[in-house]
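Novice: Supplied structure: work09.txt, compact mmCIF, N, CA and C atoms.
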# COMPACT_ATOMS: atom_id res chain seq x y z
N MET A 1 3.49 -10.13 21.93
CA MET A 1 3.15 -10.66 20.63
C MET A 1 2.28 -9.62 19.92
N ASN A 2 2.59 -9.30 18.69
CA ASN A 2 1.91 -8.28 17.92
C ASN A 2 1.34 -8.92 16.66
N ILE A 3 0.11 -9.42 16.74
CA ILE A 3 -0.54 -10.09 15.62
C ILE A 3 -1.92 -9.50 15.42
N VAL A 4 -2.26 -9.18 14.17
CA VAL A 4 -3.56 -8.60 13.84
C VAL A 4 -4.17 -9.40 12.69
N ALA A 5 -5.46 -9.69 12.80
CA ALA A 5 -6.21 -10.29 11.70
C ALA A 5 -7.52 -9.54 11.57
N ILE A 6 -7.81 -9.04 10.37
CA ILE A 6 -9.05 -8.30 10.15
C ILE A 6 -9.74 -8.82 8.90
N LEU A 7 -11.03 -8.65 8.87
CA LEU A 7 -11.86 -9.02 7.74
C LEU A 7 -12.78 -7.84 7.47
N GLY A 8 -12.72 -7.31 6.26
CA GLY A 8 -13.56 -6.16 5.94
C GLY A 8 -13.52 -5.84 4.47
N ARG A 9 -14.00 -4.65 4.13
CA ARG A 9 -14.07 -4.21 2.73
C ARG A 9 -13.21 -2.97 2.52
N LEU A 10 -12.57 -2.91 1.35
CA LEU A 10 -11.78 -1.75 1.00
C LEU A 10 -12.68 -0.54 0.80
N THR A 11 -12.29 0.59 1.39
CA THR A 11 -13.09 1.81 1.28
C THR A 11 -12.78 2.59 0.01
N ARG A 12 -11.62 2.34 -0.59
CA ARG A 12 -11.23 2.97 -1.86
C ARG A 12 -10.14 2.11 -2.48
N ASN A 13 -9.79 2.41 -3.71
CA ASN A 13 -8.73 1.66 -4.38
C ASN A 13 -7.39 1.88 -3.67
N PRO A 14 -6.54 0.85 -3.64
CA PRO A 14 -5.21 1.01 -3.02
C PRO A 14 -4.39 2.08 -3.74
N GLU A 15 -3.47 2.70 -2.99
CA GLU A 15 -2.60 3.74 -3.54
C GLU A 15 -1.15 3.23 -3.52
N LEU A 16 -0.62 2.93 -4.69
CA LEU A 16 0.74 2.39 -4.81
C LEU A 16 1.72 3.51 -5.09
N ARG A 17 2.89 3.42 -4.45
CA ARG A 17 4.02 4.30 -4.78
C ARG A 17 5.29 3.54 -4.50
N TYR A 18 6.38 4.09 -4.98
CA TYR A 18 7.68 3.45 -4.78
C TYR A 18 8.53 4.35 -3.91
N VAL A 19 9.16 3.75 -2.89
CA VAL A 19 9.99 4.48 -1.93
C VAL A 19 11.42 3.95 -2.00
N ALA A 20 12.32 4.59 -1.28
CA ALA A 20 13.74 4.19 -1.25
C ALA A 20 14.30 4.17 -2.66
N ASN A 21 14.36 5.36 -3.26
CA ASN A 21 14.90 5.52 -4.62
C ASN A 21 14.15 4.70 -5.65
N ASN A 22 12.83 4.64 -5.50
CA ASN A 22 11.94 3.95 -6.45
C ASN A 22 12.21 2.46 -6.58
N LYS A 23 12.75 1.84 -5.55
CA LYS A 23 13.05 0.41 -5.62
C LYS A 23 12.10 -0.45 -4.80
N MET A 24 11.40 0.14 -3.84
CA MET A 24 10.52 -0.64 -2.96
C MET A 24 9.07 -0.19 -3.15
N ALA A 25 8.21 -1.13 -3.55
CA ALA A 25 6.79 -0.83 -3.69
C ALA A 25 6.17 -0.71 -2.30
N MET A 26 5.27 0.27 -2.17
CA MET A 26 4.52 0.45 -0.93
C MET A 26 3.08 0.80 -1.32
N VAL A 27 2.12 0.15 -0.69
CA VAL A 27 0.73 0.44 -0.97
C VAL A 27 0.00 0.75 0.33
N ARG A 28 -0.88 1.73 0.27
CA ARG A 28 -1.73 2.10 1.40
C ARG A 28 -3.18 1.87 1.00
N PHE A 29 -3.96 1.38 1.95
CA PHE A 29 -5.39 1.22 1.73
C PHE A 29 -6.08 1.17 3.08
N THR A 30 -7.39 1.33 3.05
CA THR A 30 -8.18 1.33 4.28
C THR A 30 -9.24 0.24 4.18
N VAL A 31 -9.41 -0.50 5.27
CA VAL A 31 -10.40 -1.57 5.34
C VAL A 31 -11.46 -1.18 6.37
N ALA A 32 -12.72 -1.20 5.96
CA ALA A 32 -13.84 -0.97 6.88
C ALA A 32 -14.20 -2.30 7.51
N VAL A 33 -14.12 -2.35 8.84
CA VAL A 33 -14.38 -3.58 9.59
C VAL A 33 -15.63 -3.37 10.44
N ASP A 34 -16.66 -4.18 10.17
CA ASP A 34 -17.93 -4.10 10.89
C ASP A 34 -17.70 -4.41 12.37
N ARG A 35 -18.38 -3.69 13.23
CA ARG A 35 -18.22 -3.89 14.68
C ARG A 35 -19.01 -5.08 15.21
N GLY A 36 -19.78 -5.75 14.39
CA GLY A 36 -20.51 -6.94 14.84
C GLY A 36 -21.66 -6.66 15.78
N LEU A 37 -22.32 -5.53 15.58
CA LEU A 37 -23.43 -5.15 16.43
C LEU A 37 -24.68 -5.94 16.06
N SER A 38 -25.55 -6.15 17.03
CA SER A 38 -26.85 -6.77 16.75
C SER A 38 -27.68 -5.77 15.93
N ARG A 39 -28.76 -6.24 15.37
CA ARG A 39 -29.62 -5.36 14.56
C ARG A 39 -30.10 -4.17 15.39
N GLN A 40 -30.51 -4.44 16.62
CA GLN A 40 -31.00 -3.37 17.49
C GLN A 40 -29.87 -2.38 17.83
N GLN A 41 -28.70 -2.89 18.18
CA GLN A 41 -27.57 -2.02 18.50
C GLN A 41 -27.17 -1.17 17.29
N ARG A 42 -27.21 -1.78 16.11
CA ARG A 42 -26.86 -1.06 14.88
C ARG A 42 -27.86 0.08 14.63
N GLN A 43 -29.14 -0.21 14.78
CA GLN A 43 -30.17 0.81 14.57
C GLN A 43 -30.02 1.95 15.57
N GLU A 44 -29.75 1.61 16.83
CA GLU A 44 -29.55 2.64 17.85
C GLU A 44 -28.33 3.50 17.54
N ALA A 45 -27.24 2.86 17.15
CA ALA A 45 -26.01 3.60 16.83
C ALA A 45 -26.23 4.51 15.63
N GLN A 46 -26.89 3.99 14.60
CA GLN A 46 -27.15 4.80 13.41
C GLN A 46 -28.07 5.97 13.75
N GLY A 47 -29.06 5.72 14.60
CA GLY A 47 -29.96 6.78 15.02
C GLY A 47 -29.26 7.90 15.77
N LYS A 48 -28.21 7.55 16.50
CA LYS A 48 -27.43 8.54 17.26
C LYS A 48 -26.26 9.10 16.46
N GLY A 49 -26.13 8.66 15.20
CA GLY A 49 -25.02 9.13 14.37
C GLY A 49 -23.68 8.55 14.77
N GLN A 50 -23.68 7.41 15.46
CA GLN A 50 -22.45 6.76 15.89
C GLN A 50 -21.99 5.75 14.83
N PRO A 51 -20.69 5.52 14.73
CA PRO A 51 -20.19 4.58 13.72
C PRO A 51 -20.55 3.14 14.05
N THR A 52 -20.73 2.34 13.01
CA THR A 52 -20.99 0.91 13.17
C THR A 52 -19.85 0.08 12.60
N ALA A 53 -18.80 0.77 12.14
CA ALA A 53 -17.61 0.09 11.60
C ALA A 53 -16.38 0.89 12.00
N ASP A 54 -15.24 0.21 12.00
CA ASP A 54 -13.95 0.86 12.22
C ASP A 54 -13.21 0.89 10.89
N PHE A 55 -12.47 1.94 10.65
CA PHE A 55 -11.73 2.11 9.41
C PHE A 55 -10.24 1.97 9.71
N ILE A 56 -9.68 0.84 9.25
CA ILE A 56 -8.32 0.45 9.62
C ILE A 56 -7.37 0.77 8.48
N SER A 57 -6.35 1.56 8.77
CA SER A 57 -5.33 1.91 7.80
C SER A 57 -4.33 0.77 7.67
N CYS A 58 -4.04 0.37 6.43
CA CYS A 58 -3.13 -0.75 6.17
C CYS A 58 -2.03 -0.33 5.21
N VAL A 59 -0.85 -0.93 5.39
CA VAL A 59 0.31 -0.66 4.54
C VAL A 59 0.98 -1.99 4.22
N ALA A 60 1.38 -2.16 2.95
CA ALA A 60 2.12 -3.35 2.54
C ALA A 60 3.32 -2.92 1.71
N PHE A 61 4.33 -3.79 1.67
CA PHE A 61 5.57 -3.48 0.95
C PHE A 61 5.93 -4.60 -0.02
N GLY A 62 6.79 -4.26 -0.98
CA GLY A 62 7.36 -5.26 -1.88
C GLY A 62 6.34 -5.91 -2.79
N LYS A 63 6.54 -7.20 -3.04
CA LYS A 63 5.65 -7.96 -3.92
C LYS A 63 4.23 -8.00 -3.38
N THR A 64 4.09 -8.06 -2.07
CA THR A 64 2.75 -8.04 -1.46
C THR A 64 2.03 -6.75 -1.85
N ALA A 65 2.72 -5.63 -1.80
CA ALA A 65 2.13 -4.34 -2.18
C ALA A 65 1.70 -4.35 -3.64
N GLU A 66 2.56 -4.85 -4.51
CA GLU A 66 2.24 -4.89 -5.94
C GLU A 66 1.04 -5.78 -6.21
N ASN A 67 0.95 -6.93 -5.54
CA ASN A 67 -0.19 -7.82 -5.73
C ASN A 67 -1.48 -7.18 -5.23
N ILE A 68 -1.43 -6.55 -4.09
CA ILE A 68 -2.62 -5.87 -3.56
C ILE A 68 -3.07 -4.79 -4.53
N ASN A 69 -2.14 -4.00 -5.04
CA ASN A 69 -2.49 -2.94 -5.98
C ASN A 69 -3.11 -3.51 -7.26
N THR A 70 -2.61 -4.64 -7.71
CA THR A 70 -3.10 -5.25 -8.95
C THR A 70 -4.48 -5.85 -8.79
N TYR A 71 -4.74 -6.53 -7.67
CA TYR A 71 -5.95 -7.34 -7.54
C TYR A 71 -7.04 -6.78 -6.65
N PHE A 72 -6.73 -5.83 -5.77
CA PHE A 72 -7.74 -5.26 -4.88
C PHE A 72 -8.37 -4.03 -5.52
N LYS A 73 -9.66 -3.83 -5.24
CA LYS A 73 -10.32 -2.60 -5.64
C LYS A 73 -11.38 -2.23 -4.60
N LYS A 74 -11.83 -1.01 -4.66
CA LYS A 74 -12.84 -0.52 -3.72
C LYS A 74 -14.01 -1.50 -3.66
N GLY A 75 -14.44 -1.81 -2.44
CA GLY A 75 -15.60 -2.68 -2.22
C GLY A 75 -15.26 -4.14 -2.05
N ASP A 76 -14.05 -4.58 -2.45
CA ASP A 76 -13.67 -5.99 -2.28
C ASP A 76 -13.61 -6.34 -0.80
N GLN A 77 -14.09 -7.54 -0.48
CA GLN A 77 -13.97 -8.04 0.88
C GLN A 77 -12.67 -8.83 0.98
N VAL A 78 -11.85 -8.49 1.98
CA VAL A 78 -10.53 -9.08 2.11
C VAL A 78 -10.24 -9.48 3.55
N GLY A 79 -9.35 -10.44 3.69
CA GLY A 79 -8.80 -10.82 4.98
C GLY A 79 -7.35 -10.36 5.02
N ILE A 80 -6.96 -9.75 6.12
CA ILE A 80 -5.60 -9.20 6.26
C ILE A 80 -4.99 -9.75 7.53
N GLU A 81 -3.74 -10.20 7.44
CA GLU A 81 -2.96 -10.59 8.61
C GLU A 81 -1.70 -9.74 8.64
N GLY A 82 -1.32 -9.32 9.83
CA GLY A 82 -0.12 -8.51 9.95
C GLY A 82 0.15 -8.13 11.39
N ARG A 83 0.73 -6.94 11.55
CA ARG A 83 1.06 -6.45 12.88
C ARG A 83 0.74 -4.97 12.96
N LEU A 84 0.51 -4.47 14.17
CA LEU A 84 0.26 -3.05 14.38
C LEU A 84 1.57 -2.29 14.47
N GLN A 85 1.57 -1.11 13.89
CA GLN A 85 2.74 -0.24 14.00
C GLN A 85 2.25 1.18 14.22
N THR A 86 2.80 1.85 15.23
CA THR A 86 2.43 3.23 15.52
C THR A 86 3.56 4.15 15.10
N GLY A 87 3.22 5.39 14.88
CA GLY A 87 4.22 6.39 14.50
C GLY A 87 3.67 7.78 14.73
N SER A 88 4.45 8.78 14.37
CA SER A 88 4.00 10.16 14.49
C SER A 88 4.72 11.01 13.46
N TYR A 89 4.13 12.17 13.18
CA TYR A 89 4.73 13.14 12.25
C TYR A 89 4.18 14.51 12.59
N GLN A 90 4.81 15.54 12.04
CA GLN A 90 4.31 16.90 12.23
C GLN A 90 3.58 17.32 10.97
N ASP A 91 2.36 17.82 11.14
CA ASP A 91 1.60 18.27 9.99
C ASP A 91 2.09 19.65 9.53
N LYS A 92 1.47 20.18 8.49
CA LYS A 92 1.89 21.46 7.92
C LYS A 92 1.79 22.62 8.90
N SER A 93 0.91 22.46 9.88
CA SER A 93 0.73 23.51 10.89
C SER A 93 1.67 23.35 12.07
N GLY A 94 2.50 22.30 12.05
CA GLY A 94 3.43 22.06 13.15
C GLY A 94 2.87 21.23 14.28
N ASN A 95 1.65 20.73 14.11
CA ASN A 95 1.03 19.90 15.14
C ASN A 95 1.51 18.46 15.01
N LYS A 96 1.73 17.81 16.14
CA LYS A 96 2.15 16.41 16.13
C LYS A 96 0.93 15.53 15.92
N ARG A 97 1.00 14.65 14.93
CA ARG A 97 -0.08 13.71 14.61
C ARG A 97 0.43 12.29 14.85
N TYR A 98 -0.44 11.45 15.39
CA TYR A 98 -0.08 10.06 15.67
C TYR A 98 -0.79 9.15 14.68
N THR A 99 -0.12 8.07 14.29
CA THR A 99 -0.68 7.12 13.34
C THR A 99 -0.64 5.71 13.89
N THR A 100 -1.58 4.91 13.44
CA THR A 100 -1.59 3.48 13.73
C THR A 100 -1.96 2.76 12.43
N ASP A 101 -1.11 1.86 11.98
CA ASP A 101 -1.32 1.13 10.74
C ASP A 101 -1.16 -0.36 10.99
N VAL A 102 -1.83 -1.16 10.18
CA VAL A 102 -1.57 -2.59 10.12
C VAL A 102 -0.55 -2.79 9.00
N ILE A 103 0.59 -3.37 9.34
CA ILE A 103 1.60 -3.72 8.34
C ILE A 103 1.26 -5.12 7.86
N VAL A 104 0.91 -5.24 6.59
CA VAL A 104 0.36 -6.48 6.04
C VAL A 104 1.46 -7.50 5.78
N ASP A 105 1.28 -8.70 6.32
CA ASP A 105 2.15 -9.84 6.02
C ASP A 105 1.50 -10.77 5.00
N ARG A 106 0.18 -10.99 5.17
CA ARG A 106 -0.57 -11.91 4.30
C ARG A 106 -1.94 -11.32 4.02
N PHE A 107 -2.52 -11.74 2.91
CA PHE A 107 -3.88 -11.32 2.59
C PHE A 107 -4.62 -12.44 1.89
N SER A 108 -5.94 -12.38 1.98
CA SER A 108 -6.81 -13.34 1.30
C SER A 108 -7.94 -12.58 0.63
N PHE A 109 -8.32 -13.00 -0.55
CA PHE A 109 -9.48 -12.45 -1.23
C PHE A 109 -10.70 -13.19 -0.72
N ILE A 110 -11.65 -12.47 -0.16
CA ILE A 110 -12.86 -13.08 0.35
C ILE A 110 -13.97 -12.97 -0.69
N SER A 111 -14.13 -11.80 -1.29
CA SER A 111 -15.09 -11.63 -2.38
C SER A 111 -14.51 -10.65 -3.38
N GLY A 112 -15.03 -10.69 -4.57
CA GLY A 112 -14.53 -9.85 -5.65
C GLY A 112 -14.08 -10.78 -6.76
N GLY A 113 -13.27 -10.27 -7.67
CA GLY A 113 -12.86 -11.03 -8.84
C GLY A 113 -11.84 -12.10 -8.58
N ASN A 114 -11.29 -12.20 -7.37
CA ASN A 114 -10.20 -13.14 -7.11
C ASN A 114 -10.48 -14.02 -5.90
N GLN A 115 -11.68 -14.49 -5.76
CA GLN A 115 -12.06 -15.27 -4.57
C GLN A 115 -11.14 -16.47 -4.38
N GLY A 116 -10.73 -16.64 -3.13
CA GLY A 116 -9.96 -17.82 -2.77
C GLY A 116 -8.47 -17.69 -2.97
N THR A 117 -7.99 -16.68 -3.67
CA THR A 117 -6.56 -16.52 -3.88
C THR A 117 -5.92 -16.02 -2.60
N GLU A 118 -4.74 -16.55 -2.27
CA GLU A 118 -4.04 -16.12 -1.06
C GLU A 118 -2.61 -15.74 -1.38
N GLN A 119 -2.07 -14.87 -0.54
CA GLN A 119 -0.65 -14.49 -0.62
C GLN A 119 -0.05 -14.70 0.74
Go ahead and render the structure in this file as structure tokens.
Specialist:
Amino acid sequence: MNIVAILGRLTRNPELRYVANNKMAMVRFTVAVDRGLSRQQRQEAQGKGQPTADFISCVAFGKTAENINTYFKKGDQVGIEGRLQTGSYQDKSGNKRYTTDVIVDRFSFISGGNQGTEQ
């Protein structure tokens, strides 16, 4: 079973483009998800320069992508449901790079201009 649910904030505005001969909308965005550390653990991690959040790459397609692009903006708190998908590609230097993305099935606005709206 491949099910993912995350709650976090957008790190930047979504990036919309059209693929497959400009017929399919696709949007990419990143959600910062807090690791849920205690105050003491957070202070220790920050003192050591360690991260206190994970940055999750997300991708949506079709009408979902268009809605996310229209209503989401940097800093909005959102809930995302979907599945994990891994892949790989070769960078410009010929090195193999691996990717992990959440493919979005559903989303909820938690805070921002569209609180309570769901897709």
Novice: I need the residues in chain A that are strand (DSSP E or B) according to DSSP; give them as an mmCIF file with N, CA and C atoms, in the coordinates of the input.
Specialist:
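Below is the file selection.cif, written as the result:
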data_model
loop_
_atom_site.group_PDB
_atom_site.id
_atom_site.type_symbol
_atom_site.label_atom_id
_atom_site.label_comp_id
_atom_site.auth_asym_id
_atom_site.auth_seq_id
_atom_site.Cartn_x
_atom_site.Cartn_y
_atom_site.Cartn_z
ATOM 1 N N VAL A 4 -2.260 -9.180 14.170
ATOM 2 C CA VAL A 4 -3.560 -8.600 13.840
ATOM 3 C C VAL A 4 -4.170 -9.400 12.690
ATOM 4 N N ALA A 5 -5.460 -9.690 12.800
ATOM 5 C CA ALA A 5 -6.210 -10.290 11.700
ATOM 6 C C ALA A 5 -7.520 -9.540 11.570
ATOM 7 N N ILE A 6 -7.810 -9.040 10.370
ATOM 8 C CA ILE A 6 -9.050 -8.300 10.150
ATOM 9 C C ILE A 6 -9.740 -8.820 8.900
ATOM 10 N N LEU A 7 -11.030 -8.650 8.870
ATOM 11 C CA LEU A 7 -11.860 -9.020 7.740
ATOM 12 C C LEU A 7 -12.780 -7.840 7.470
ATOM 13 N N GLY A 8 -12.720 -7.310 6.260
ATOM 14 C CA GLY A 8 -13.560 -6.160 5.940
ATOM 15 C C GLY A 8 -13.520 -5.840 4.470
ATOM 16 N N ARG A 9 -14.000 -4.650 4.130
ATOM 17 C CA ARG A 9 -14.070 -4.210 2.730
ATOM 18 C C ARG A 9 -13.210 -2.970 2.520
ATOM 19 N N LEU A 10 -12.570 -2.910 1.350
ATOM 20 C CA LEU A 10 -11.780 -1.750 1.000
ATOM 21 C C LEU A 10 -12.680 -0.540 0.800
ATOM 22 N N GLU A 15 -3.470 2.700 -2.990
ATOM 23 C CA GLU A 15 -2.600 3.740 -3.540
ATOM 24 C C GLU A 15 -1.150 3.230 -3.520
ATOM 25 N N LEU A 16 -0.620 2.930 -4.690
ATOM 26 C CA LEU A 16 0.740 2.390 -4.810
ATOM 27 C C LEU A 16 1.720 3.510 -5.090
ATOM 28 N N ARG A 17 2.890 3.420 -4.450
ATOM 29 C CA ARG A 17 4.020 4.300 -4.780
ATOM 30 C C ARG A 17 5.290 3.540 -4.500
ATOM 31 N N TYR A 18 6.380 4.090 -4.980
ATOM 32 C CA TYR A 18 7.680 3.450 -4.780
ATOM 33 C C TYR A 18 8.530 4.350 -3.910
ATOM 34 N N VAL A 19 9.160 3.750 -2.890
ATOM 35 C CA VAL A 19 9.990 4.480 -1.930
ATOM 36 C C VAL A 19 11.420 3.950 -2.000
ATOM 37 N N MET A 24 11.400 0.140 -3.840
ATOM 38 C CA MET A 24 10.520 -0.640 -2.960
ATOM 39 C C MET A 24 9.070 -0.190 -3.150
ATOM 40 N N ALA A 25 8.210 -1.130 -3.550
ATOM 41 C CA ALA A 25 6.790 -0.830 -3.690
ATOM 42 C C ALA A 25 6.170 -0.710 -2.300
ATOM 43 N N MET A 26 5.270 0.270 -2.170
ATOM 44 C CA MET A 26 4.520 0.450 -0.930
ATOM 45 C C MET A 26 3.080 0.800 -1.320
ATOM 46 N N VAL A 27 2.120 0.150 -0.690
ATOM 47 C CA VAL A 27 0.730 0.440 -0.970
ATOM 48 C C VAL A 27 0.000 0.750 0.330
ATOM 49 N N ARG A 28 -0.880 1.730 0.270
ATOM 50 C CA ARG A 28 -1.730 2.100 1.400
ATOM 51 C C ARG A 28 -3.180 1.870 1.000
ATOM 52 N N PHE A 29 -3.960 1.380 1.950
ATOM 53 C CA PHE A 29 -5.390 1.220 1.730
ATOM 54 C C PHE A 29 -6.080 1.170 3.080
ATOM 55 N N THR A 30 -7.390 1.330 3.050
ATOM 56 C CA THR A 30 -8.180 1.330 4.280
ATOM 57 C C THR A 30 -9.240 0.240 4.180
ATOM 58 N N VAL A 31 -9.410 -0.500 5.270
ATOM 59 C CA VAL A 31 -10.400 -1.570 5.340
ATOM 60 C C VAL A 31 -11.460 -1.180 6.370
ATOM 61 N N ALA A 32 -12.720 -1.200 5.960
ATOM 62 C CA ALA A 32 -13.840 -0.970 6.880
ATOM 63 C C ALA A 32 -14.200 -2.300 7.510
ATOM 64 N N VAL A 33 -14.120 -2.350 8.840
ATOM 65 C CA VAL A 33 -14.380 -3.580 9.590
ATOM 66 C C VAL A 33 -15.630 -3.370 10.440
ATOM 67 N N ASP A 34 -16.660 -4.180 10.170
ATOM 68 C CA ASP A 34 -17.930 -4.100 10.890
ATOM 69 C C ASP A 34 -17.700 -4.410 12.370
ATOM 70 N N ALA A 53 -18.800 0.770 12.140
ATOM 71 C CA ALA A 53 -17.610 0.090 11.600
ATOM 72 C C ALA A 53 -16.380 0.890 12.000
ATOM 73 N N ASP A 54 -15.240 0.210 12.000
ATOM 74 C CA ASP A 54 -13.950 0.860 12.220
ATOM 75 C C ASP A 54 -13.210 0.890 10.890
ATOM 76 N N PHE A 55 -12.470 1.940 10.650
ATOM 77 C CA PHE A 55 -11.730 2.110 9.410
ATOM 78 C C PHE A 55 -10.240 1.970 9.710
ATOM 79 N N ILE A 56 -9.680 0.840 9.250
ATOM 80 C CA ILE A 56 -8.320 0.450 9.620
ATOM 81 C C ILE A 56 -7.370 0.770 8.480
ATOM 82 N N SER A 57 -6.350 1.560 8.770
ATOM 83 C CA SER A 57 -5.330 1.910 7.800
ATOM 84 C C SER A 57 -4.330 0.770 7.670
ATOM 85 N N CYS A 58 -4.040 0.370 6.430
ATOM 86 C CA CYS A 58 -3.130 -0.750 6.170
ATOM 87 C C CYS A 58 -2.030 -0.330 5.210
ATOM 88 N N VAL A 59 -0.850 -0.930 5.390
ATOM 89 C CA VAL A 59 0.310 -0.660 4.540
ATOM 90 C C VAL A 59 0.980 -1.990 4.220
ATOM 91 N N ALA A 60 1.380 -2.160 2.950
ATOM 92 C CA ALA A 60 2.120 -3.350 2.540
ATOM 93 C C ALA A 60 3.320 -2.920 1.710
ATOM 94 N N PHE A 61 4.330 -3.790 1.670
ATOM 95 C CA PHE A 61 5.570 -3.480 0.950
ATOM 96 C C PHE A 61 5.930 -4.600 -0.020
ATOM 97 N N GLN A 77 -14.090 -7.540 -0.480
ATOM 98 C CA GLN A 77 -13.970 -8.040 0.880
ATOM 99 C C GLN A 77 -12.670 -8.830 0.980
ATOM 100 N N VAL A 78 -11.850 -8.490 1.980
ATOM 101 C CA VAL A 78 -10.530 -9.080 2.110
ATOM 102 C C VAL A 78 -10.240 -9.480 3.550
ATOM 103 N N GLY A 79 -9.350 -10.440 3.690
ATOM 104 C CA GLY A 79 -8.800 -10.820 4.980
ATOM 105 C C GLY A 79 -7.350 -10.360 5.020
ATOM 106 N N ILE A 80 -6.960 -9.750 6.120
ATOM 107 C CA ILE A 80 -5.600 -9.200 6.260
ATOM 108 C C ILE A 80 -4.990 -9.750 7.530
ATOM 109 N N GLU A 81 -3.740 -10.200 7.440
ATOM 110 C CA GLU A 81 -2.960 -10.590 8.610
ATOM 111 C C GLU A 81 -1.700 -9.740 8.640
ATOM 112 N N GLY A 82 -1.320 -9.320 9.830
ATOM 113 C CA GLY A 82 -0.120 -8.510 9.950
ATOM 114 C C GLY A 82 0.150 -8.130 11.390
ATOM 115 N N ARG A 83 0.730 -6.940 11.550
ATOM 116 C CA ARG A 83 1.060 -6.450 12.880
ATOM 117 C C ARG A 83 0.740 -4.970 12.960
ATOM 118 N N LEU A 84 0.510 -4.470 14.170
ATOM 119 C CA LEU A 84 0.260 -3.050 14.380
ATOM 120 C C LEU A 84 1.570 -2.290 14.470
ATOM 121 N N GLN A 85 1.570 -1.110 13.890
ATOM 122 C CA GLN A 85 2.740 -0.240 14.000
ATOM 123 C C GLN A 85 2.250 1.180 14.220
ATOM 124 N N THR A 86 2.800 1.850 15.230
ATOM 125 C CA THR A 86 2.430 3.230 15.520
ATOM 126 C C THR A 86 3.560 4.150 15.100
ATOM 127 N N GLY A 87 3.220 5.390 14.880
ATOM 128 C CA GLY A 87 4.220 6.390 14.500
ATOM 129 C C GLY A 87 3.670 7.780 14.730
ATOM 130 N N SER A 88 4.450 8.780 14.370
ATOM 131 C CA SER A 88 4.000 10.160 14.490
ATOM 132 C C SER A 88 4.720 11.010 13.460
ATOM 133 N N TYR A 89 4.130 12.170 13.180
ATOM 134 C CA TYR A 89 4.730 13.140 12.250
ATOM 135 C C TYR A 89 4.180 14.510 12.590
ATOM 136 N N GLN A 90 4.810 15.540 12.040
ATOM 137 C CA GLN A 90 4.310 16.900 12.230
ATOM 138 C C GLN A 90 3.580 17.320 10.970
ATOM 139 N N LYS A 96 1.730 17.810 16.140
ATOM 140 C CA LYS A 96 2.150 16.410 16.130
ATOM 141 C C LYS A 96 0.930 15.530 15.920
ATOM 142 N N ARG A 97 1.000 14.650 14.930
ATOM 143 C CA ARG A 97 -0.080 13.710 14.610
ATOM 144 C C ARG A 97 0.430 12.290 14.850
ATOM 145 N N TYR A 98 -0.440 11.450 15.390
ATOM 146 C CA TYR A 98 -0.080 10.060 15.670
ATOM 147 C C TYR A 98 -0.790 9.150 14.680
ATOM 148 N N THR A 99 -0.120 8.070 14.290
ATOM 149 C CA THR A 99 -0.680 7.120 13.340
ATOM 150 C C THR A 99 -0.640 5.710 13.890
ATOM 151 N N THR A 100 -1.580 4.910 13.440
ATOM 152 C CA THR A 100 -1.590 3.480 13.730
ATOM 153 C C THR A 100 -1.960 2.760 12.430
ATOM 154 N N ASP A 101 -1.110 1.860 11.980
ATOM 155 C CA ASP A 101 -1.320 1.130 10.740
ATOM 156 C C ASP A 101 -1.160 -0.360 10.990
ATOM 157 N N VAL A 102 -1.830 -1.160 10.180
ATOM 158 C CA VAL A 102 -1.570 -2.590 10.120
ATOM 159 C C VAL A 102 -0.550 -2.790 9.000
ATOM 160 N N ILE A 103 0.590 -3.370 9.340
ATOM 161 C CA ILE A 103 1.600 -3.720 8.340
ATOM 162 C C ILE A 103 1.260 -5.120 7.860
ATOM 163 N N VAL A 104 0.910 -5.240 6.590
ATOM 164 C CA VAL A 104 0.360 -6.480 6.040
ATOM 165 C C VAL A 104 1.460 -7.500 5.780
ATOM 166 N N ASP A 105 1.280 -8.700 6.320
ATOM 167 C CA ASP A 105 2.150 -9.840 6.020
ATOM 168 C C ASP A 105 1.500 -10.770 5.000
ATOM 169 N N ARG A 106 0.180 -10.990 5.170
ATOM 170 C CA ARG A 106 -0.570 -11.910 4.300
ATOM 171 C C ARG A 106 -1.940 -11.320 4.020
ATOM 172 N N PHE A 107 -2.520 -11.740 2.910
ATOM 173 C CA PHE A 107 -3.880 -11.320 2.590
ATOM 174 C C PHE A 107 -4.620 -12.440 1.890
ATOM 175 N N SER A 108 -5.940 -12.380 1.980
ATOM 176 C CA SER A 108 -6.810 -13.340 1.300
ATOM 177 C C SER A 108 -7.940 -12.580 0.630
ATOM 178 N N PHE A 109 -8.320 -13.000 -0.550
ATOM 179 C CA PHE A 109 -9.480 -12.450 -1.230
ATOM 180 C C PHE A 109 -10.700 -13.190 -0.720
ATOM 181 N N ILE A 110 -11.650 -12.470 -0.160
ATOM 182 C CA ILE A 110 -12.860 -13.080 0.350
ATOM 183 C C ILE A 110 -13.970 -12.970 -0.690
ATOM 184 N N SER A 111 -14.130 -11.800 -1.290
ATOM 185 C CA SER A 111 -15.090 -11.630 -2.380
ATOM 186 C C SER A 111 -14.510 -10.650 -3.380
ATOM 187 N N GLU A 118 -4.740 -16.550 -2.270
ATOM 188 C CA GLU A 118 -4.040 -16.120 -1.060
ATOM 189 C C GLU A 118 -2.610 -15.740 -1.380
#
Novice: Applying 8 Å and only N, CA and C atoms, which residues near Ser88 (chain A) remain after dropping the ones on its own chain fewer than 2 positions away? List them as a PyMOL selection string.
Specialist: chain A and resi 85-86+90-91+96-100
Novice: Choose the residue, out of A:Val19, A:Ala5, A:Val31, A:Val78, that has the smallest atom-to-atom separation from Ala53 (chain A); count all atoms listed in the file.
Specialist: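 Of the candidates, the smallest distance to Ala53 (chain A) is held by A:Val31.
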Novice: Give me, please, the distance in Å between CA of Asp105 (chain A) and CA of Thr64 (chain A), quoted to one decimal.
Specialist: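 Computed distance, CA of Asp105 (chain A) to CA of Thr64 (chain A), equals 7.7 Å.
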Novice: Mind pulling up the distance from CA of Leu7 (chain A) to CA of Tyr71 (chain A)?
Specialist: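 Separation of CA of Tyr71 (chain A) and CA of Leu7 (chain A): 16.5 Å.
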Novice: Quick one: residues within 8 Å of (-2.0, -11.6, 10.5) (file frame), counting all atoms listed in the file, please, as a PyMOL selection string.
Specialist: chain A and resi 2-6+79-83+103-107
